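Content type mmCIF, N, CA and C atoms, from the file entry-v3.cif:
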```cif
data_target
loop_
_atom_site.label_atom_id
_atom_site.label_comp_id
_atom_site.auth_asym_id
_atom_site.auth_seq_id
_atom_site.Cartn_x
_atom_site.Cartn_y
_atom_site.Cartn_z
N MET N 274 83.95 261.12 127.90
CA MET N 274 82.94 262.14 128.08
C MET N 274 82.67 262.78 126.74
N THR N 275 81.39 263.02 126.43
CA THR N 275 80.99 263.70 125.22
C THR N 275 80.19 264.93 125.59
N LEU N 276 80.58 266.07 125.05
CA LEU N 276 79.89 267.32 125.28
C LEU N 276 79.24 267.73 123.99
N GLN N 277 77.93 268.00 124.00
CA GLN N 277 77.23 268.40 122.79
C GLN N 277 76.72 269.82 122.93
N LEU N 278 77.00 270.62 121.91
CA LEU N 278 76.54 272.00 121.84
C LEU N 278 75.57 272.12 120.68
N PRO N 279 74.96 273.29 120.50
CA PRO N 279 74.03 273.49 119.39
C PRO N 279 74.65 273.18 118.03
N ASP N 280 73.81 272.91 117.09
CA ASP N 280 74.20 272.68 115.69
C ASP N 280 75.08 271.45 115.50
N GLY N 281 75.00 270.48 116.38
CA GLY N 281 75.71 269.23 116.19
C GLY N 281 77.18 269.24 116.57
N PHE N 282 77.69 270.34 117.10
CA PHE N 282 79.08 270.37 117.54
C PHE N 282 79.23 269.51 118.78
N ARG N 283 80.25 268.67 118.77
CA ARG N 283 80.51 267.82 119.93
C ARG N 283 82.00 267.71 120.16
N LEU N 284 82.34 267.53 121.41
CA LEU N 284 83.70 267.22 121.81
C LEU N 284 83.65 265.90 122.56
N LYS N 285 84.42 264.95 122.09
CA LYS N 285 84.48 263.65 122.75
C LYS N 285 85.88 263.49 123.30
N THR N 286 86.00 263.40 124.61
CA THR N 286 87.31 263.26 125.24
C THR N 286 87.55 261.81 125.64
N VAL N 287 88.74 261.34 125.29
CA VAL N 287 89.10 259.95 125.55
C VAL N 287 90.57 259.91 125.95
N PRO N 288 90.89 259.28 127.09
CA PRO N 288 92.31 259.12 127.43
C PRO N 288 92.97 258.12 126.47
N THR N 289 94.23 258.34 126.14
CA THR N 289 94.95 257.41 125.27
C THR N 289 95.70 256.40 126.14
N GLU N 290 96.20 255.36 125.51
CA GLU N 290 96.96 254.35 126.24
C GLU N 290 98.23 254.94 126.86
N ALA N 291 98.76 255.99 126.25
CA ALA N 291 99.98 256.62 126.75
C ALA N 291 99.69 257.58 127.91
N GLY N 292 98.42 257.72 128.27
CA GLY N 292 98.07 258.60 129.37
C GLY N 292 97.79 260.03 128.96
N ASP N 293 97.79 260.29 127.66
CA ASP N 293 97.46 261.61 127.15
C ASP N 293 95.94 261.73 127.03
N LEU N 294 95.47 262.91 126.68
CA LEU N 294 94.05 263.09 126.44
C LEU N 294 93.85 263.37 124.97
N CYS N 295 92.87 262.71 124.36
CA CYS N 295 92.49 262.97 122.99
C CYS N 295 91.10 263.61 123.00
N VAL N 296 90.98 264.74 122.34
CA VAL N 296 89.68 265.42 122.21
C VAL N 296 89.29 265.35 120.74
N ARG N 297 88.21 264.65 120.47
CA ARG N 297 87.71 264.55 119.10
C ARG N 297 86.75 265.69 118.85
N VAL N 298 87.05 266.50 117.83
CA VAL N 298 86.25 267.66 117.48
C VAL N 298 85.31 267.26 116.36
N ILE N 299 84.00 267.37 116.63
CA ILE N 299 82.98 266.94 115.68
C ILE N 299 82.11 268.14 115.32
N GLY N 300 82.07 268.48 114.04
CA GLY N 300 81.24 269.59 113.59
C GLY N 300 82.08 270.82 113.26
N ASP N 301 81.45 272.00 113.38
CA ASP N 301 82.09 273.26 113.02
C ASP N 301 82.84 273.86 114.21
N LEU N 302 84.09 274.20 113.99
CA LEU N 302 84.89 274.91 114.99
C LEU N 302 84.86 276.38 114.59
N ASP N 303 83.99 277.14 115.25
CA ASP N 303 83.76 278.52 114.82
C ASP N 303 83.41 279.41 116.01
N TRP N 304 82.88 280.58 115.72
CA TRP N 304 82.54 281.58 116.74
C TRP N 304 81.71 280.97 117.86
N ASP N 305 80.74 280.12 117.52
CA ASP N 305 79.83 279.55 118.51
C ASP N 305 80.44 278.44 119.35
N THR N 306 81.52 277.83 118.89
CA THR N 306 82.02 276.62 119.54
C THR N 306 83.47 276.67 120.00
N ALA N 307 84.23 277.61 119.49
CA ALA N 307 85.67 277.66 119.79
C ALA N 307 85.96 277.81 121.28
N ASP N 308 85.14 278.61 121.97
CA ASP N 308 85.37 278.79 123.41
C ASP N 308 85.26 277.48 124.17
N GLU N 309 84.35 276.63 123.76
CA GLU N 309 84.17 275.36 124.47
C GLU N 309 85.38 274.46 124.28
N LEU N 310 85.93 274.40 123.07
CA LEU N 310 87.14 273.60 122.85
C LEU N 310 88.29 274.16 123.68
N THR N 311 88.44 275.48 123.68
CA THR N 311 89.50 276.10 124.47
C THR N 311 89.34 275.77 125.95
N LYS N 312 88.12 275.85 126.44
CA LYS N 312 87.85 275.55 127.86
C LYS N 312 88.22 274.11 128.21
N VAL N 313 87.82 273.16 127.39
CA VAL N 313 88.11 271.75 127.64
C VAL N 313 89.62 271.50 127.57
N ALA N 314 90.26 272.03 126.55
CA ALA N 314 91.70 271.81 126.38
C ALA N 314 92.50 272.45 127.51
N ARG N 315 92.20 273.70 127.83
CA ARG N 315 92.92 274.37 128.91
C ARG N 315 92.67 273.69 130.25
N GLY N 316 91.44 273.23 130.47
CA GLY N 316 91.13 272.52 131.71
C GLY N 316 92.02 271.31 131.89
N HIS N 317 92.23 270.59 130.80
CA HIS N 317 93.11 269.41 130.88
C HIS N 317 94.57 269.83 131.07
N LEU N 318 95.02 270.78 130.26
CA LEU N 318 96.43 271.18 130.30
C LEU N 318 96.81 271.80 131.64
N GLU N 319 95.89 272.51 132.26
CA GLU N 319 96.19 273.19 133.51
C GLU N 319 95.80 272.40 134.75
N SER N 320 95.32 271.17 134.55
CA SER N 320 94.83 270.37 135.67
C SER N 320 95.94 269.74 136.51
N GLY N 321 97.14 269.71 135.99
CA GLY N 321 98.24 269.09 136.74
C GLY N 321 98.32 267.59 136.54
N THR N 322 97.52 267.03 135.62
CA THR N 322 97.62 265.60 135.33
C THR N 322 98.97 265.31 134.71
N PRO N 323 99.47 264.11 134.87
CA PRO N 323 100.82 263.80 134.40
C PRO N 323 100.94 263.52 132.89
N SER N 324 99.95 263.87 132.09
CA SER N 324 100.03 263.56 130.66
C SER N 324 101.13 264.37 129.99
N ARG N 325 101.65 263.82 128.91
CA ARG N 325 102.71 264.48 128.15
C ARG N 325 102.15 265.33 127.03
N ALA N 326 100.92 265.03 126.61
CA ALA N 326 100.40 265.68 125.41
C ALA N 326 98.88 265.77 125.42
N LEU N 327 98.42 266.67 124.58
CA LEU N 327 97.00 266.79 124.26
C LEU N 327 96.88 266.54 122.78
N ARG N 328 95.99 265.65 122.40
CA ARG N 328 95.76 265.34 121.00
C ARG N 328 94.39 265.84 120.61
N LEU N 329 94.32 266.64 119.56
CA LEU N 329 93.04 267.08 119.01
C LEU N 329 92.82 266.30 117.72
N ASP N 330 91.74 265.55 117.67
CA ASP N 330 91.42 264.69 116.53
C ASP N 330 90.36 265.40 115.68
N PHE N 331 90.72 265.70 114.44
CA PHE N 331 89.84 266.43 113.54
C PHE N 331 89.20 265.55 112.47
N THR N 332 89.10 264.27 112.72
CA THR N 332 88.51 263.35 111.75
C THR N 332 87.13 263.82 111.30
N ASP N 333 86.33 264.33 112.23
CA ASP N 333 84.95 264.73 111.92
C ASP N 333 84.75 266.24 111.95
N LEU N 334 85.81 267.00 111.72
CA LEU N 334 85.69 268.45 111.65
C LEU N 334 84.97 268.83 110.36
N ALA N 335 83.96 269.69 110.49
CA ALA N 335 83.26 270.16 109.30
C ALA N 335 83.94 271.41 108.74
N THR N 336 84.03 272.47 109.54
CA THR N 336 84.69 273.70 109.12
C THR N 336 85.45 274.30 110.29
N CYS N 337 86.35 275.21 109.95
CA CYS N 337 87.09 275.96 110.97
C CYS N 337 87.23 277.38 110.46
N ASP N 338 86.75 278.35 111.24
CA ASP N 338 86.88 279.75 110.84
C ASP N 338 88.01 280.42 111.62
N SER N 339 88.11 281.74 111.51
CA SER N 339 89.21 282.45 112.17
C SER N 339 89.13 282.35 113.68
N THR N 340 87.93 282.23 114.24
CA THR N 340 87.80 282.06 115.69
C THR N 340 88.30 280.68 116.10
N GLY N 341 88.02 279.68 115.29
CA GLY N 341 88.56 278.35 115.55
C GLY N 341 90.07 278.34 115.49
N LEU N 342 90.63 279.05 114.51
CA LEU N 342 92.09 279.16 114.41
C LEU N 342 92.65 279.85 115.65
N ALA N 343 92.00 280.91 116.09
CA ALA N 343 92.46 281.61 117.30
C ALA N 343 92.44 280.67 118.50
N ALA N 344 91.42 279.81 118.58
CA ALA N 344 91.34 278.83 119.67
C ALA N 344 92.52 277.87 119.61
N LEU N 345 92.87 277.40 118.43
CA LEU N 345 94.01 276.49 118.30
C LEU N 345 95.30 277.17 118.73
N LEU N 346 95.46 278.43 118.39
CA LEU N 346 96.66 279.16 118.81
C LEU N 346 96.70 279.35 120.33
N MET N 347 95.56 279.62 120.95
CA MET N 347 95.52 279.75 122.42
C MET N 347 95.82 278.42 123.10
N ILE N 348 95.27 277.34 122.55
CA ILE N 348 95.51 276.01 123.12
C ILE N 348 97.00 275.66 122.99
N HIS N 349 97.59 275.96 121.85
CA HIS N 349 99.02 275.71 121.64
C HIS N 349 99.84 276.49 122.67
N ARG N 350 99.51 277.75 122.87
CA ARG N 350 100.22 278.59 123.84
C ARG N 350 100.13 277.98 125.24
N CYS N 351 98.96 277.50 125.60
CA CYS N 351 98.76 276.89 126.91
C CYS N 351 99.56 275.59 127.03
N ALA N 352 99.58 274.80 125.96
CA ALA N 352 100.35 273.55 125.98
C ALA N 352 101.83 273.84 126.20
N VAL N 353 102.36 274.80 125.48
CA VAL N 353 103.77 275.16 125.63
C VAL N 353 104.04 275.65 127.06
N ALA N 354 103.15 276.48 127.58
CA ALA N 354 103.33 277.04 128.93
C ALA N 354 103.31 275.97 130.01
N THR N 355 102.61 274.88 129.75
CA THR N 355 102.52 273.80 130.74
C THR N 355 103.50 272.66 130.44
N GLY N 356 104.36 272.85 129.44
CA GLY N 356 105.38 271.86 129.12
C GLY N 356 104.85 270.62 128.43
N ARG N 357 103.75 270.77 127.71
CA ARG N 357 103.17 269.62 127.02
C ARG N 357 103.15 269.85 125.52
N ARG N 358 103.01 268.77 124.78
CA ARG N 358 102.91 268.83 123.32
C ARG N 358 101.45 268.87 122.91
N LEU N 359 101.20 269.53 121.81
CA LEU N 359 99.88 269.55 121.19
C LEU N 359 99.99 268.87 119.84
N TYR N 360 99.15 267.88 119.62
CA TYR N 360 99.12 267.20 118.33
C TYR N 360 97.78 267.47 117.66
N LEU N 361 97.83 267.78 116.38
CA LEU N 361 96.62 267.97 115.58
C LEU N 361 96.51 266.76 114.66
N ASP N 362 95.67 265.81 115.03
CA ASP N 362 95.57 264.54 114.31
C ASP N 362 94.44 264.58 113.28
N HIS N 363 94.68 263.88 112.19
CA HIS N 363 93.67 263.64 111.15
C HIS N 363 93.06 264.94 110.64
N MET N 364 93.91 265.91 110.34
CA MET N 364 93.40 267.19 109.83
C MET N 364 92.90 267.04 108.40
N PRO N 365 91.68 267.49 108.14
CA PRO N 365 91.20 267.47 106.76
C PRO N 365 91.96 268.51 105.93
N ASP N 366 91.94 268.33 104.63
CA ASP N 366 92.67 269.22 103.73
C ASP N 366 92.30 270.69 103.94
N ARG N 367 91.02 270.96 104.21
CA ARG N 367 90.58 272.35 104.36
C ARG N 367 91.22 273.00 105.60
N LEU N 368 91.48 272.23 106.66
CA LEU N 368 92.14 272.78 107.83
C LEU N 368 93.63 272.99 107.55
N VAL N 369 94.25 272.05 106.88
CA VAL N 369 95.66 272.20 106.51
C VAL N 369 95.81 273.45 105.64
N ARG N 370 94.90 273.64 104.71
CA ARG N 370 94.97 274.80 103.81
C ARG N 370 94.83 276.10 104.60
N LEU N 371 93.91 276.15 105.57
CA LEU N 371 93.74 277.34 106.41
C LEU N 371 95.03 277.64 107.16
N LEU N 372 95.64 276.62 107.72
CA LEU N 372 96.88 276.81 108.47
C LEU N 372 98.02 277.25 107.55
N GLU N 373 98.06 276.72 106.34
CA GLU N 373 99.07 277.14 105.38
C GLU N 373 98.86 278.60 104.97
N LEU N 374 97.63 278.96 104.67
CA LEU N 374 97.33 280.34 104.22
C LEU N 374 97.64 281.37 105.29
N THR N 375 97.47 280.99 106.55
CA THR N 375 97.69 281.92 107.65
C THR N 375 99.11 281.85 108.21
N GLY N 376 99.91 280.96 107.66
CA GLY N 376 101.29 280.83 108.12
C GLY N 376 101.42 280.21 109.50
N THR N 377 100.42 279.46 109.93
CA THR N 377 100.45 278.88 111.27
C THR N 377 100.68 277.37 111.29
N LEU N 378 100.79 276.75 110.13
CA LEU N 378 100.96 275.29 110.09
C LEU N 378 102.22 274.86 110.83
N ALA N 379 103.34 275.44 110.49
CA ALA N 379 104.60 275.05 111.14
C ALA N 379 104.58 275.38 112.62
N HIS N 380 103.99 276.52 112.97
CA HIS N 380 103.93 276.92 114.38
C HIS N 380 103.13 275.92 115.21
N LEU N 381 102.00 275.48 114.69
CA LEU N 381 101.12 274.58 115.45
C LEU N 381 101.56 273.12 115.40
N THR N 382 102.24 272.73 114.33
CA THR N 382 102.54 271.31 114.16
C THR N 382 104.02 270.98 114.15
N GLY N 383 104.86 271.97 113.98
CA GLY N 383 106.29 271.70 113.87
C GLY N 383 106.66 271.18 112.50
N ALA N 384 105.68 271.11 111.59
CA ALA N 384 105.94 270.60 110.24
C ALA N 384 106.38 271.73 109.33
N GLU N 385 107.14 271.38 108.32
CA GLU N 385 107.55 272.38 107.33
C GLU N 385 106.37 272.67 106.42
N GLU N 386 106.24 273.92 106.01
CA GLU N 386 105.18 274.30 105.08
C GLU N 386 105.30 273.46 103.81
N GLY N 387 104.18 272.94 103.33
CA GLY N 387 104.16 272.17 102.09
C GLY N 387 104.80 270.81 102.20
N ALA N 388 105.01 270.31 103.42
CA ALA N 388 105.73 269.05 103.61
C ALA N 388 104.83 267.83 103.42
N GLY N 389 103.57 268.02 103.12
CA GLY N 389 102.69 266.88 102.97
C GLY N 389 101.98 266.55 104.26
N ARG N 390 101.14 265.50 104.22
CA ARG N 390 100.32 265.19 105.38
C ARG N 390 100.43 263.73 105.76
N GLY N 391 101.61 263.20 105.80
CA GLY N 391 101.77 261.78 106.04
C GLY N 391 101.70 261.32 107.48
N THR N 392 101.80 262.20 108.45
CA THR N 392 101.83 261.73 109.83
C THR N 392 100.58 262.10 110.58
N GLU N 393 100.28 261.32 111.56
CA GLU N 393 99.13 261.55 112.42
C GLU N 393 99.39 262.71 113.38
N GLU N 394 100.64 263.04 113.61
CA GLU N 394 100.99 264.02 114.61
C GLU N 394 100.74 265.45 114.17
N ARG N 395 100.24 265.64 113.01
CA ARG N 395 99.96 267.01 112.52
C ARG N 395 98.66 267.50 112.98
#
```

If you convert what's in this file into structure tokens, what do you get?
Amino acid sequence: MTLQLPDGFRLKTVPTEAGDLCVRVIGDLDWDTADELTKVARGHLESGTPSRALRLDFTDLATCDSTGLAALLMIHRCAVATGRRLYLDHMPDRLVRLLELTGTLAHLTGAEEGAGRGTEER
């Protein structure tokens, strides 16, 4: 399923072979779009499906502002509350930098600050 919002923002949801859900975030994650990502992610996490994880794919992320960061924190909280893992895949350098500057990288990814970007699970 692909959801398109104004200004080219899209969310493309695809089940993975492991039975998880991958949501590809395309465009700007900001004030205008963060609520939609939160809605889609929470809908999946709270649906009772047997998936182990939610994967957010940022391959085509353009920008992320403080509202986008707040959405990621809410989604993480929901994932923890439902006993699932949240993976942030293919984060561009600008998103990693935002998470480092705000001290949320380790919280959202379980990675050590400054540990590099070698894994897809970030």

### Task
Could you give me, as a list in words, the residues within 10 Å of range 278-294 of chain N, counting only C-alpha atoms and dropping anything in the same chain fewer than 6 positions from it?
Gly300, Asp301, Leu302, Asp303, Asp305, Thr306, Glu309, Leu310, Val313, Ala314, His317, Leu318, Thr322, Pro323, Ser324, Arg325, Ala326, Leu327, Arg328, Leu329, Asp330, Asp333, Leu334, Ala335, Arg357 and Arg358 of chain N

Extract the full set of strand (DSSP E) residues from chain N according to DSSP on the backbone, and format it as a PDB file with N, CA and C atoms, in the frame of the given file.
```
ATOM      1  N   THR N 275      81.390 263.020 126.430  1.00  0.00           N
ATOM      2  CA  THR N 275      80.990 263.700 125.220  1.00  0.00           C
ATOM      3  C   THR N 275      80.190 264.930 125.590  1.00  0.00           C
ATOM      4  N   LEU N 276      80.580 266.070 125.050  1.00  0.00           N
ATOM      5  CA  LEU N 276      79.890 267.320 125.280  1.00  0.00           C
ATOM      6  C   LEU N 276      79.240 267.730 123.990  1.00  0.00           C
ATOM      7  N   GLN N 277      77.930 268.000 124.000  1.00  0.00           N
ATOM      8  CA  GLN N 277      77.230 268.400 122.790  1.00  0.00           C
ATOM      9  C   GLN N 277      76.720 269.820 122.930  1.00  0.00           C
ATOM     10  N   ARG N 283      80.250 268.670 118.770  1.00  0.00           N
ATOM     11  CA  ARG N 283      80.510 267.820 119.930  1.00  0.00           C
ATOM     12  C   ARG N 283      82.000 267.710 120.160  1.00  0.00           C
ATOM     13  N   LEU N 284      82.340 267.530 121.410  1.00  0.00           N
ATOM     14  CA  LEU N 284      83.700 267.220 121.810  1.00  0.00           C
ATOM     15  C   LEU N 284      83.650 265.900 122.560  1.00  0.00           C
ATOM     16  N   LYS N 285      84.420 264.950 122.090  1.00  0.00           N
ATOM     17  CA  LYS N 285      84.480 263.650 122.750  1.00  0.00           C
ATOM     18  C   LYS N 285      85.880 263.490 123.300  1.00  0.00           C
ATOM     19  N   THR N 286      86.000 263.400 124.610  1.00  0.00           N
ATOM     20  CA  THR N 286      87.310 263.260 125.240  1.00  0.00           C
ATOM     21  C   THR N 286      87.550 261.810 125.640  1.00  0.00           C
ATOM     22  N   VAL N 287      88.740 261.340 125.290  1.00  0.00           N
ATOM     23  CA  VAL N 287      89.100 259.950 125.550  1.00  0.00           C
ATOM     24  C   VAL N 287      90.570 259.910 125.950  1.00  0.00           C
ATOM     25  N   PRO N 288      90.890 259.280 127.090  1.00  0.00           N
ATOM     26  CA  PRO N 288      92.310 259.120 127.430  1.00  0.00           C
ATOM     27  C   PRO N 288      92.970 258.120 126.470  1.00  0.00           C
ATOM     28  N   LEU N 294      95.470 262.910 126.680  1.00  0.00           N
ATOM     29  CA  LEU N 294      94.050 263.090 126.440  1.00  0.00           C
ATOM     30  C   LEU N 294      93.850 263.370 124.970  1.00  0.00           C
ATOM     31  N   CYS N 295      92.870 262.710 124.360  1.00  0.00           N
ATOM     32  CA  CYS N 295      92.490 262.970 122.990  1.00  0.00           C
ATOM     33  C   CYS N 295      91.100 263.610 123.000  1.00  0.00           C
ATOM     34  N   VAL N 296      90.980 264.740 122.340  1.00  0.00           N
ATOM     35  CA  VAL N 296      89.680 265.420 122.210  1.00  0.00           C
ATOM     36  C   VAL N 296      89.290 265.350 120.740  1.00  0.00           C
ATOM     37  N   ARG N 297      88.210 264.650 120.470  1.00  0.00           N
ATOM     38  CA  ARG N 297      87.710 264.550 119.100  1.00  0.00           C
ATOM     39  C   ARG N 297      86.750 265.690 118.850  1.00  0.00           C
ATOM     40  N   VAL N 298      87.050 266.500 117.830  1.00  0.00           N
ATOM     41  CA  VAL N 298      86.250 267.660 117.480  1.00  0.00           C
ATOM     42  C   VAL N 298      85.310 267.260 116.360  1.00  0.00           C
ATOM     43  N   ILE N 299      84.000 267.370 116.630  1.00  0.00           N
ATOM     44  CA  ILE N 299      82.980 266.940 115.680  1.00  0.00           C
ATOM     45  C   ILE N 299      82.110 268.140 115.320  1.00  0.00           C
ATOM     46  N   GLY N 300      82.070 268.480 114.040  1.00  0.00           N
ATOM     47  CA  GLY N 300      81.240 269.590 113.590  1.00  0.00           C
ATOM     48  C   GLY N 300      82.080 270.820 113.260  1.00  0.00           C
ATOM     49  N   ASP N 301      81.450 272.000 113.380  1.00  0.00           N
ATOM     50  CA  ASP N 301      82.090 273.260 113.020  1.00  0.00           C
ATOM     51  C   ASP N 301      82.840 273.860 114.210  1.00  0.00           C
ATOM     52  N   LEU N 302      84.090 274.200 113.990  1.00  0.00           N
ATOM     53  CA  LEU N 302      84.890 274.910 114.990  1.00  0.00           C
ATOM     54  C   LEU N 302      84.860 276.380 114.590  1.00  0.00           C
ATOM     55  N   ALA N 326     100.920 265.030 126.610  1.00  0.00           N
ATOM     56  CA  ALA N 326     100.400 265.680 125.410  1.00  0.00           C
ATOM     57  C   ALA N 326      98.880 265.770 125.420  1.00  0.00           C
ATOM     58  N   LEU N 327      98.420 266.670 124.580  1.00  0.00           N
ATOM     59  CA  LEU N 327      97.000 266.790 124.260  1.00  0.00           C
ATOM     60  C   LEU N 327      96.880 266.540 122.780  1.00  0.00           C
ATOM     61  N   ARG N 328      95.990 265.650 122.400  1.00  0.00           N
ATOM     62  CA  ARG N 328      95.760 265.340 121.000  1.00  0.00           C
ATOM     63  C   ARG N 328      94.390 265.840 120.610  1.00  0.00           C
ATOM     64  N   LEU N 329      94.320 266.640 119.560  1.00  0.00           N
ATOM     65  CA  LEU N 329      93.040 267.080 119.010  1.00  0.00           C
ATOM     66  C   LEU N 329      92.820 266.300 117.720  1.00  0.00           C
ATOM     67  N   ASP N 330      91.740 265.550 117.670  1.00  0.00           N
ATOM     68  CA  ASP N 330      91.420 264.690 116.530  1.00  0.00           C
ATOM     69  C   ASP N 330      90.360 265.400 115.680  1.00  0.00           C
ATOM     70  N   PHE N 331      90.720 265.700 114.440  1.00  0.00           N
ATOM     71  CA  PHE N 331      89.840 266.430 113.540  1.00  0.00           C
ATOM     72  C   PHE N 331      89.200 265.550 112.470  1.00  0.00           C
ATOM     73  N   THR N 332      89.100 264.270 112.720  1.00  0.00           N
ATOM     74  CA  THR N 332      88.510 263.350 111.750  1.00  0.00           C
ATOM     75  C   THR N 332      87.130 263.820 111.300  1.00  0.00           C
ATOM     76  N   ASP N 333      86.330 264.330 112.230  1.00  0.00           N
ATOM     77  CA  ASP N 333      84.950 264.730 111.920  1.00  0.00           C
ATOM     78  C   ASP N 333      84.750 266.240 111.950  1.00  0.00           C
ATOM     79  N   LEU N 334      85.810 267.000 111.720  1.00  0.00           N
ATOM     80  CA  LEU N 334      85.690 268.450 111.650  1.00  0.00           C
ATOM     81  C   LEU N 334      84.970 268.830 110.360  1.00  0.00           C
ATOM     82  N   ALA N 335      83.960 269.690 110.490  1.00  0.00           N
ATOM     83  CA  ALA N 335      83.260 270.160 109.300  1.00  0.00           C
ATOM     84  C   ALA N 335      83.940 271.410 108.740  1.00  0.00           C
ATOM     85  N   THR N 336      84.030 272.470 109.540  1.00  0.00           N
ATOM     86  CA  THR N 336      84.690 273.700 109.120  1.00  0.00           C
ATOM     87  C   THR N 336      85.450 274.300 110.290  1.00  0.00           C
ATOM     88  N   CYS N 337      86.350 275.210 109.950  1.00  0.00           N
ATOM     89  CA  CYS N 337      87.090 275.960 110.970  1.00  0.00           C
ATOM     90  C   CYS N 337      87.230 277.380 110.460  1.00  0.00           C
ATOM     91  N   ARG N 358     103.010 268.770 124.780  1.00  0.00           N
ATOM     92  CA  ARG N 358     102.910 268.830 123.320  1.00  0.00           C
ATOM     93  C   ARG N 358     101.450 268.870 122.910  1.00  0.00           C
ATOM     94  N   LEU N 359     101.200 269.530 121.810  1.00  0.00           N
ATOM     95  CA  LEU N 359      99.880 269.550 121.190  1.00  0.00           C
ATOM     96  C   LEU N 359      99.990 268.870 119.840  1.00  0.00           C
ATOM     97  N   TYR N 360      99.150 267.880 119.620  1.00  0.00           N
ATOM     98  CA  TYR N 360      99.120 267.200 118.330  1.00  0.00           C
ATOM     99  C   TYR N 360      97.780 267.470 117.660  1.00  0.00           C
ATOM    100  N   LEU N 361      97.830 267.780 116.380  1.00  0.00           N
ATOM    101  CA  LEU N 361      96.620 267.970 115.580  1.00  0.00           C
ATOM    102  C   LEU N 361      96.510 266.760 114.660  1.00  0.00           C
ATOM    103  N   ASP N 362      95.670 265.810 115.030  1.00  0.00           N
ATOM    104  CA  ASP N 362      95.570 264.540 114.310  1.00  0.00           C
ATOM    105  C   ASP N 362      94.440 264.580 113.280  1.00  0.00           C
TER     106      ASP N 362
END
```

### Query
Hey, can you check how far CA of Gly321 in chain N sits from CA of Trp304 in chain N?
28.3 Å

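Residues surrounding range 343-347 of chain N within 8 Å are N:Ala307, N:Asp308, N:Leu310, N:Thr311, N:Ser339, N:Cys351, N:Leu381 [only C-alpha atoms; sequence separation below 4 positions excluded].
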
Could you save those same residues with N, CA and C atoms as a compact mmCIF listing (two decimals), in the frame of the given file?
```txt
# COMPACT_ATOMS: atom_id res chain seq x y z
N ALA N 307 84.23 277.61 119.49
CA ALA N 307 85.67 277.66 119.79
C ALA N 307 85.96 277.81 121.28
N ASP N 308 85.14 278.61 121.97
CA ASP N 308 85.37 278.79 123.41
C ASP N 308 85.26 277.48 124.17
N LEU N 310 85.93 274.40 123.07
CA LEU N 310 87.14 273.60 122.85
C LEU N 310 88.29 274.16 123.68
N THR N 311 88.44 275.48 123.68
CA THR N 311 89.50 276.10 124.47
C THR N 311 89.34 275.77 125.95
N SER N 339 88.11 281.74 111.51
CA SER N 339 89.21 282.45 112.17
C SER N 339 89.13 282.35 113.68
N CYS N 351 98.96 277.50 125.60
CA CYS N 351 98.76 276.89 126.91
C CYS N 351 99.56 275.59 127.03
N LEU N 381 102.00 275.48 114.69
CA LEU N 381 101.12 274.58 115.45
C LEU N 381 101.56 273.12 115.40
```

### Task
Step by step, work through what the PyMOL selection byres ((chain N and resi 363-368) around 8) selects in the shown file, and finish by giving those residues as a VMD selection string.
chain N and resid 329 to 337 360 to 362 369 to 374 392 to 395

File dump, residues just selected, N, CA and C atoms, as a compact mmCIF listing (two decimals), in the frame of the given file:
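Below is the file that was written, part-v3.txt:
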```txt
# COMPACT_ATOMS: atom_id res chain seq x y z
N LEU N 329 94.32 266.64 119.56
CA LEU N 329 93.04 267.08 119.01
C LEU N 329 92.82 266.30 117.72
N ASP N 330 91.74 265.55 117.67
CA ASP N 330 91.42 264.69 116.53
C ASP N 330 90.36 265.40 115.68
N PHE N 331 90.72 265.70 114.44
CA PHE N 331 89.84 266.43 113.54
C PHE N 331 89.20 265.55 112.47
N THR N 332 89.10 264.27 112.72
CA THR N 332 88.51 263.35 111.75
C THR N 332 87.13 263.82 111.30
N ASP N 333 86.33 264.33 112.23
CA ASP N 333 84.95 264.73 111.92
C ASP N 333 84.75 266.24 111.95
N LEU N 334 85.81 267.00 111.72
CA LEU N 334 85.69 268.45 111.65
C LEU N 334 84.97 268.83 110.36
N ALA N 335 83.96 269.69 110.49
CA ALA N 335 83.26 270.16 109.30
C ALA N 335 83.94 271.41 108.74
N THR N 336 84.03 272.47 109.54
CA THR N 336 84.69 273.70 109.12
C THR N 336 85.45 274.30 110.29
N CYS N 337 86.35 275.21 109.95
CA CYS N 337 87.09 275.96 110.97
C CYS N 337 87.23 277.38 110.46
N TYR N 360 99.15 267.88 119.62
CA TYR N 360 99.12 267.20 118.33
C TYR N 360 97.78 267.47 117.66
N LEU N 361 97.83 267.78 116.38
CA LEU N 361 96.62 267.97 115.58
C LEU N 361 96.51 266.76 114.66
N ASP N 362 95.67 265.81 115.03
CA ASP N 362 95.57 264.54 114.31
C ASP N 362 94.44 264.58 113.28
N VAL N 369 94.25 272.05 106.88
CA VAL N 369 95.66 272.20 106.51
C VAL N 369 95.81 273.45 105.64
N ARG N 370 94.90 273.64 104.71
CA ARG N 370 94.97 274.80 103.81
C ARG N 370 94.83 276.10 104.60
N LEU N 371 93.91 276.15 105.57
CA LEU N 371 93.74 277.34 106.41
C LEU N 371 95.03 277.64 107.16
N LEU N 372 95.64 276.62 107.72
CA LEU N 372 96.88 276.81 108.47
C LEU N 372 98.02 277.25 107.55
N GLU N 373 98.06 276.72 106.34
CA GLU N 373 99.07 277.14 105.38
C GLU N 373 98.86 278.60 104.97
N LEU N 374 97.63 278.96 104.67
CA LEU N 374 97.33 280.34 104.22
C LEU N 374 97.64 281.37 105.29
N THR N 392 101.80 262.20 108.45
CA THR N 392 101.83 261.73 109.83
C THR N 392 100.58 262.10 110.58
N GLU N 393 100.28 261.32 111.56
CA GLU N 393 99.13 261.55 112.42
C GLU N 393 99.39 262.71 113.38
N GLU N 394 100.64 263.04 113.61
CA GLU N 394 100.99 264.02 114.61
C GLU N 394 100.74 265.45 114.17
N ARG N 395 100.24 265.64 113.01
CA ARG N 395 99.96 267.01 112.52
C ARG N 395 98.66 267.50 112.98
```

### Query
Could you write out, as a PyMOL selection string, all the residues of range 281-317 of chain N that DSSP marks as helix (DSSP H, G or I)?
chain N and resi 281+307-317
